[in-house]
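Undergrad: Contents of query-v4.cif (mmCIF, C-alpha atoms) are given next:
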```
data_upload
loop_
_atom_site.group_PDB
_atom_site.id
_atom_site.type_symbol
_atom_site.label_atom_id
_atom_site.label_comp_id
_atom_site.auth_asym_id
_atom_site.auth_seq_id
_atom_site.Cartn_x
_atom_site.Cartn_y
_atom_site.Cartn_z
ATOM 1 C CA MET A 22 29.176 122.654 31.263
ATOM 2 C CA PHE A 23 31.685 120.041 30.244
ATOM 3 C CA ASP A 24 30.411 116.478 29.640
ATOM 4 C CA LEU A 25 32.789 114.161 31.491
ATOM 5 C CA GLU A 26 32.487 110.473 30.652
ATOM 6 C CA ILE A 27 33.404 108.422 33.691
ATOM 7 C CA LYS A 28 33.049 104.663 34.000
ATOM 8 C CA LEU A 29 32.013 103.144 37.303
ATOM 9 C CA PHE A 30 34.333 100.133 37.163
ATOM 10 C CA TYR A 31 38.047 100.171 36.338
ATOM 11 C CA LYS A 32 40.267 97.247 35.426
ATOM 12 C CA THR A 33 43.510 98.618 36.899
ATOM 13 C CA GLN A 34 44.634 101.121 39.491
ATOM 14 C CA ARG A 35 46.307 103.127 36.725
ATOM 15 C CA GLU A 36 43.005 103.481 34.851
ATOM 16 C CA LEU A 37 41.348 104.499 38.115
ATOM 17 C CA ALA A 38 44.056 107.083 38.803
ATOM 18 C CA SER A 39 43.659 108.512 35.309
ATOM 19 C CA ALA A 40 39.901 108.849 35.828
ATOM 20 C CA LEU A 41 40.388 110.579 39.189
ATOM 21 C CA ASN A 42 42.875 112.968 37.596
ATOM 22 C CA SER A 43 40.387 113.779 34.816
ATOM 23 C CA ILE A 44 37.568 114.435 37.276
ATOM 24 C CA ILE A 45 39.594 116.669 39.573
ATOM 25 C CA ASP A 46 41.330 118.517 36.739
ATOM 26 C CA ALA A 47 37.960 119.242 35.111
ATOM 27 C CA TYR A 48 36.756 120.696 38.405
ATOM 28 C CA TRP A 49 39.877 122.847 38.789
ATOM 29 C CA LYS A 50 39.319 124.149 35.231
ATOM 30 C CA ASN A 51 35.682 124.976 36.141
ATOM 31 C CA GLU A 52 34.434 122.481 33.558
ATOM 32 C CA ILE A 53 32.294 120.574 36.077
ATOM 33 C CA SER A 54 30.422 121.713 39.165
ATOM 34 C CA GLU A 55 31.359 120.923 42.740
ATOM 35 C CA GLU A 56 28.263 118.721 42.961
ATOM 36 C CA THR A 57 29.428 116.715 39.933
ATOM 37 C CA LEU A 58 32.917 116.422 41.408
ATOM 38 C CA ILE A 59 31.613 115.054 44.707
ATOM 39 C CA ARG A 60 29.120 112.695 43.072
ATOM 40 C CA SER A 61 31.700 111.368 40.592
ATOM 41 C CA ILE A 62 34.424 110.744 43.183
ATOM 42 C CA THR A 63 31.941 109.071 45.529
ATOM 43 C CA ASP A 64 30.480 106.845 42.800
ATOM 44 C CA VAL A 65 33.907 105.784 41.529
ATOM 45 C CA TYR A 66 35.082 105.043 45.080
ATOM 46 C CA LEU A 67 32.026 102.943 45.945
ATOM 47 C CA SER A 68 32.519 100.835 42.819
ATOM 48 C CA ASN A 69 36.313 100.413 43.157
ATOM 49 C CA GLN A 70 37.110 100.382 46.876
ATOM 50 C CA ARG A 71 39.690 97.603 46.605
ATOM 51 C CA LYS A 72 41.655 99.582 44.047
ATOM 52 C CA PHE A 73 41.624 102.734 46.203
ATOM 53 C CA LEU A 74 42.876 101.505 49.534
ATOM 54 C CA LYS A 75 45.388 99.076 50.965
ATOM 55 C CA GLU A 76 45.842 98.854 54.732
ATOM 56 C CA ASN A 77 43.793 102.046 55.315
ATOM 57 C CA ASP A 78 45.895 104.124 52.926
ATOM 58 C CA PHE A 79 45.696 105.055 49.269
ATOM 59 C CA THR A 80 47.501 102.517 47.119
ATOM 60 C CA THR A 81 51.022 103.259 45.932
ATOM 61 C CA VAL A 82 49.842 103.503 42.321
ATOM 62 C CA LEU A 83 47.239 106.143 43.222
ATOM 63 C CA LYS A 84 49.805 108.107 45.229
ATOM 64 C CA GLN A 85 52.263 108.063 42.339
ATOM 65 C CA GLN A 86 49.762 108.773 39.563
ATOM 66 C CA CYS A 87 47.443 111.269 41.289
ATOM 67 C CA GLY A 88 49.764 113.139 43.586
ATOM 68 C CA LYS A 89 49.219 114.740 46.959
ATOM 69 C CA ARG A 90 46.922 117.630 45.975
ATOM 70 C CA ARG A 91 44.446 115.477 44.084
ATOM 71 C CA LEU A 92 44.370 112.803 46.772
ATOM 72 C CA GLU A 93 43.722 115.496 49.384
ATOM 73 C CA VAL A 94 40.578 116.380 47.414
ATOM 74 C CA VAL A 95 39.550 112.712 47.166
ATOM 75 C CA GLU A 96 40.213 112.144 50.865
ATOM 76 C CA ARG A 97 38.183 115.185 51.887
ATOM 77 C CA ILE A 98 35.223 114.193 49.707
ATOM 78 C CA LEU A 99 35.234 110.665 51.100
ATOM 79 C CA GLU A 100 35.501 111.956 54.677
ATOM 80 C CA MET A 101 32.624 114.393 54.105
ATOM 81 C CA ASN A 102 30.463 111.492 52.949
ATOM 82 C CA GLY A 103 31.442 109.248 55.864
ATOM 83 C CA LEU A 104 33.296 106.798 53.642
ATOM 84 C CA LEU A 105 36.696 107.176 55.329
ATOM 85 C CA LYS A 106 36.658 106.920 59.073
ATOM 86 C CA GLY A 107 39.531 106.628 61.468
ATOM 87 C CA TRP A 108 42.146 108.043 59.129
ATOM 88 C CA SER A 109 44.480 110.529 60.669
ATOM 89 C CA ARG A 110 46.019 113.182 58.487
ATOM 90 C CA SER A 111 49.491 112.395 59.810
ATOM 91 C CA ASP A 112 49.099 108.713 58.850
ATOM 92 C CA TRP A 113 48.165 109.736 55.316
ATOM 93 C CA ILE A 114 51.065 112.190 54.975
ATOM 94 C CA GLU A 115 53.441 109.584 56.377
ATOM 95 C CA GLY A 116 52.222 107.145 53.704
ATOM 96 C CA VAL A 117 52.817 109.668 50.908
ATOM 97 C CA VAL A 118 56.315 110.487 52.169
ATOM 98 C CA SER A 119 57.122 106.786 52.473
ATOM 99 C CA CYS A 120 55.907 106.169 48.914
ATOM 100 C CA LEU A 121 58.000 109.028 47.533
ATOM 101 C CA LYS A 122 61.129 107.729 49.244
ATOM 102 C CA ASN A 123 60.786 104.337 47.543
#
```
Could you spell out this file's structure in structure tokens?
TA:
Amino acid sequence: MFDLEIKLFYKTQRELASALNSIIDAYWKNEISEETLIRSITDVYLSNQRKFLKENDFTTVLKQQCGKRRLEVVERILEMNGLLKGWSRSDWIEGVVSCLKN
């Protein structure tokens, strides 16, 4: 398997987005297992919550840098682990559409 070096703490939202992209892309290329994907996303989220979310939505930087498909994966992993509660899918999609319009 692929050895993915992921830090737990990120200085900026752009660095965080780049790390998320690397994790998810490695999974899509079958370079890391599903277990590694879930553990990595969860660990990075728990250490960087303020850089992930603003007003119960992904930050604009994450939306722009990661894109809809990757953030759907992140959202699902966080929901599965009980880390995102009370989000509605329509609220999230509305946030992405709003971000893309700006």
Undergrad: Expand the PyMOL selection byres ((chain A and resi 70-74) around 10) into the individual residues it matches in the shown file, reporting them as a ChimeraX atom specification.
TA: /A:31-35,37-38,65-69,75-84
Undergrad: Provide the CA of Leu105 (chain A) to CA of Glu52 (chain A) distance in Å, to one decimal place.
TA: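 Computing it gives 26.7 Å between the two atoms.
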Undergrad: Please indicate the distance in Å from CA of Cys87 (chain A) to CA of Ser39 (chain A), rounded to one decimal place.
TA: 7.6 Å
Undergrad: So the first atom is CA of Arg97 (chain A) and the second is CA of Ala47 (chain A); what is the distance between them in Å, to one decimal place?
TA: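 CA of Arg97 (chain A) sits 17.3 Å away from CA of Ala47 (chain A).
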Undergrad: Counting all atoms listed in the file, figure out which residue out of A:Glu36, A:Lys28, A:Thr63, A:Ile45 gets nearest to Arg90 (chain A).
TA: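 Selected residue with least distance to Arg90 (chain A): A:Ile45.
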Undergrad: At a cut-off of 10 Å around the point (46.0, 115.4, 42.3) (file coordinates), what residues fall inside when counting all atoms listed in the file? I'd like the answer as number ranges by chain.
TA: A: 38, 41-46, 83-95
Undergrad: Could you please fill out region 32-63 of chain A with N, CA and C atoms and send it back as a PDB file, in the frame of the given file?
TA:
```pdb
ATOM      1  N   LYS A  32      39.526  98.500  35.443  1.00  0.00           N
ATOM      2  CA  LYS A  32      40.267  97.247  35.426  1.00  0.00           C
ATOM      3  C   LYS A  32      41.543  97.334  36.264  1.00  0.00           C
ATOM      4  N   THR A  33      42.228  98.472  36.192  1.00  0.00           N
ATOM      5  CA  THR A  33      43.510  98.618  36.899  1.00  0.00           C
ATOM      6  C   THR A  33      43.518  99.884  37.754  1.00  0.00           C
ATOM      7  N   GLN A  34      44.463  99.925  38.662  1.00  0.00           N
ATOM      8  CA  GLN A  34      44.634 101.121  39.491  1.00  0.00           C
ATOM      9  C   GLN A  34      45.101 102.302  38.640  1.00  0.00           C
ATOM     10  N   ARG A  35      45.849 102.045  37.605  1.00  0.00           N
ATOM     11  CA  ARG A  35      46.307 103.127  36.725  1.00  0.00           C
ATOM     12  C   ARG A  35      45.131 103.770  35.990  1.00  0.00           C
ATOM     13  N   GLU A  36      44.210 102.947  35.489  1.00  0.00           N
ATOM     14  CA  GLU A  36      43.005 103.481  34.851  1.00  0.00           C
ATOM     15  C   GLU A  36      42.192 104.300  35.843  1.00  0.00           C
ATOM     16  N   LEU A  37      42.073 103.797  37.061  1.00  0.00           N
ATOM     17  CA  LEU A  37      41.348 104.499  38.115  1.00  0.00           C
ATOM     18  C   LEU A  37      42.007 105.843  38.405  1.00  0.00           C
ATOM     19  N   ALA A  38      43.322 105.843  38.537  1.00  0.00           N
ATOM     20  CA  ALA A  38      44.056 107.083  38.803  1.00  0.00           C
ATOM     21  C   ALA A  38      43.848 108.096  37.682  1.00  0.00           C
ATOM     22  N   SER A  39      43.872 107.621  36.452  1.00  0.00           N
ATOM     23  CA  SER A  39      43.659 108.512  35.309  1.00  0.00           C
ATOM     24  C   SER A  39      42.262 109.129  35.356  1.00  0.00           C
ATOM     25  N   ALA A  40      41.275 108.334  35.717  1.00  0.00           N
ATOM     26  CA  ALA A  40      39.901 108.849  35.828  1.00  0.00           C
ATOM     27  C   ALA A  40      39.804 109.891  36.932  1.00  0.00           C
ATOM     28  N   LEU A  41      40.408 109.609  38.083  1.00  0.00           N
ATOM     29  CA  LEU A  41      40.388 110.579  39.189  1.00  0.00           C
ATOM     30  C   LEU A  41      41.052 111.883  38.762  1.00  0.00           C
ATOM     31  N   ASN A  42      42.182 111.775  38.078  1.00  0.00           N
ATOM     32  CA  ASN A  42      42.875 112.968  37.596  1.00  0.00           C
ATOM     33  C   ASN A  42      41.979 113.777  36.658  1.00  0.00           C
ATOM     34  N   SER A  43      41.279 113.093  35.763  1.00  0.00           N
ATOM     35  CA  SER A  43      40.387 113.779  34.816  1.00  0.00           C
ATOM     36  C   SER A  43      39.256 114.504  35.537  1.00  0.00           C
ATOM     37  N   ILE A  44      38.674 113.835  36.522  1.00  0.00           N
ATOM     38  CA  ILE A  44      37.568 114.435  37.276  1.00  0.00           C
ATOM     39  C   ILE A  44      38.035 115.682  38.010  1.00  0.00           C
ATOM     40  N   ILE A  45      39.114 115.552  38.754  1.00  0.00           N
ATOM     41  CA  ILE A  45      39.594 116.669  39.573  1.00  0.00           C
ATOM     42  C   ILE A  45      40.117 117.806  38.704  1.00  0.00           C
ATOM     43  N   ASP A  46      40.830 117.476  37.636  1.00  0.00           N
ATOM     44  CA  ASP A  46      41.330 118.517  36.739  1.00  0.00           C
ATOM     45  C   ASP A  46      40.185 119.280  36.082  1.00  0.00           C
ATOM     46  N   ALA A  47      39.126 118.570  35.703  1.00  0.00           N
ATOM     47  CA  ALA A  47      37.960 119.242  35.111  1.00  0.00           C
ATOM     48  C   ALA A  47      37.331 120.203  36.117  1.00  0.00           C
ATOM     49  N   TYR A  48      37.292 119.810  37.368  1.00  0.00           N
ATOM     50  CA  TYR A  48      36.756 120.696  38.405  1.00  0.00           C
ATOM     51  C   TYR A  48      37.647 121.934  38.563  1.00  0.00           C
ATOM     52  N   TRP A  49      38.947 121.720  38.632  1.00  0.00           N
ATOM     53  CA  TRP A  49      39.877 122.847  38.789  1.00  0.00           C
ATOM     54  C   TRP A  49      39.818 123.806  37.598  1.00  0.00           C
ATOM     55  N   LYS A  50      39.456 123.299  36.421  1.00  0.00           N
ATOM     56  CA  LYS A  50      39.319 124.149  35.231  1.00  0.00           C
ATOM     57  C   LYS A  50      37.905 124.717  35.106  1.00  0.00           C
ATOM     58  N   ASN A  51      37.081 124.513  36.128  1.00  0.00           N
ATOM     59  CA  ASN A  51      35.682 124.976  36.141  1.00  0.00           C
ATOM     60  C   ASN A  51      34.853 124.370  35.014  1.00  0.00           C
ATOM     61  N   GLU A  52      35.185 123.167  34.609  1.00  0.00           N
ATOM     62  CA  GLU A  52      34.434 122.481  33.558  1.00  0.00           C
ATOM     63  C   GLU A  52      33.288 121.649  34.119  1.00  0.00           C
ATOM     64  N   ILE A  53      33.380 121.294  35.401  1.00  0.00           N
ATOM     65  CA  ILE A  53      32.294 120.574  36.077  1.00  0.00           C
ATOM     66  C   ILE A  53      32.011 121.271  37.401  1.00  0.00           C
ATOM     67  N   SER A  54      30.811 121.079  37.901  1.00  0.00           N
ATOM     68  CA  SER A  54      30.422 121.713  39.165  1.00  0.00           C
ATOM     69  C   SER A  54      30.974 120.938  40.358  1.00  0.00           C
ATOM     70  N   GLU A  55      30.930 121.578  41.505  1.00  0.00           N
ATOM     71  CA  GLU A  55      31.359 120.923  42.740  1.00  0.00           C
ATOM     72  C   GLU A  55      30.476 119.708  43.030  1.00  0.00           C
ATOM     73  N   GLU A  56      29.197 119.842  42.759  1.00  0.00           N
ATOM     74  CA  GLU A  56      28.263 118.721  42.961  1.00  0.00           C
ATOM     75  C   GLU A  56      28.646 117.527  42.087  1.00  0.00           C
ATOM     76  N   THR A  57      29.008 117.781  40.841  1.00  0.00           N
ATOM     77  CA  THR A  57      29.428 116.715  39.933  1.00  0.00           C
ATOM     78  C   THR A  57      30.731 116.091  40.403  1.00  0.00           C
ATOM     79  N   LEU A  58      31.653 116.915  40.864  1.00  0.00           N
ATOM     80  CA  LEU A  58      32.917 116.422  41.408  1.00  0.00           C
ATOM     81  C   LEU A  58      32.652 115.454  42.550  1.00  0.00           C
ATOM     82  N   ILE A  59      31.878 115.874  43.520  1.00  0.00           N
ATOM     83  CA  ILE A  59      31.613 115.054  44.707  1.00  0.00           C
ATOM     84  C   ILE A  59      30.893 113.769  44.328  1.00  0.00           C
ATOM     85  N   ARG A  60      29.880 113.881  43.483  1.00  0.00           N
ATOM     86  CA  ARG A  60      29.120 112.695  43.072  1.00  0.00           C
ATOM     87  C   ARG A  60      30.014 111.719  42.301  1.00  0.00           C
ATOM     88  N   SER A  61      30.838 112.226  41.405  1.00  0.00           N
ATOM     89  CA  SER A  61      31.700 111.368  40.592  1.00  0.00           C
ATOM     90  C   SER A  61      32.735 110.635  41.440  1.00  0.00           C
ATOM     91  N   ILE A  62      33.406 111.364  42.320  1.00  0.00           N
ATOM     92  CA  ILE A  62      34.424 110.744  43.183  1.00  0.00           C
ATOM     93  C   ILE A  62      33.778 109.688  44.071  1.00  0.00           C
ATOM     94  N   THR A  63      32.632 110.010  44.649  1.00  0.00           N
ATOM     95  CA  THR A  63      31.941 109.071  45.529  1.00  0.00           C
ATOM     96  C   THR A  63      31.515 107.821  44.768  1.00  0.00           C
TER      97      THR A  63
END
```
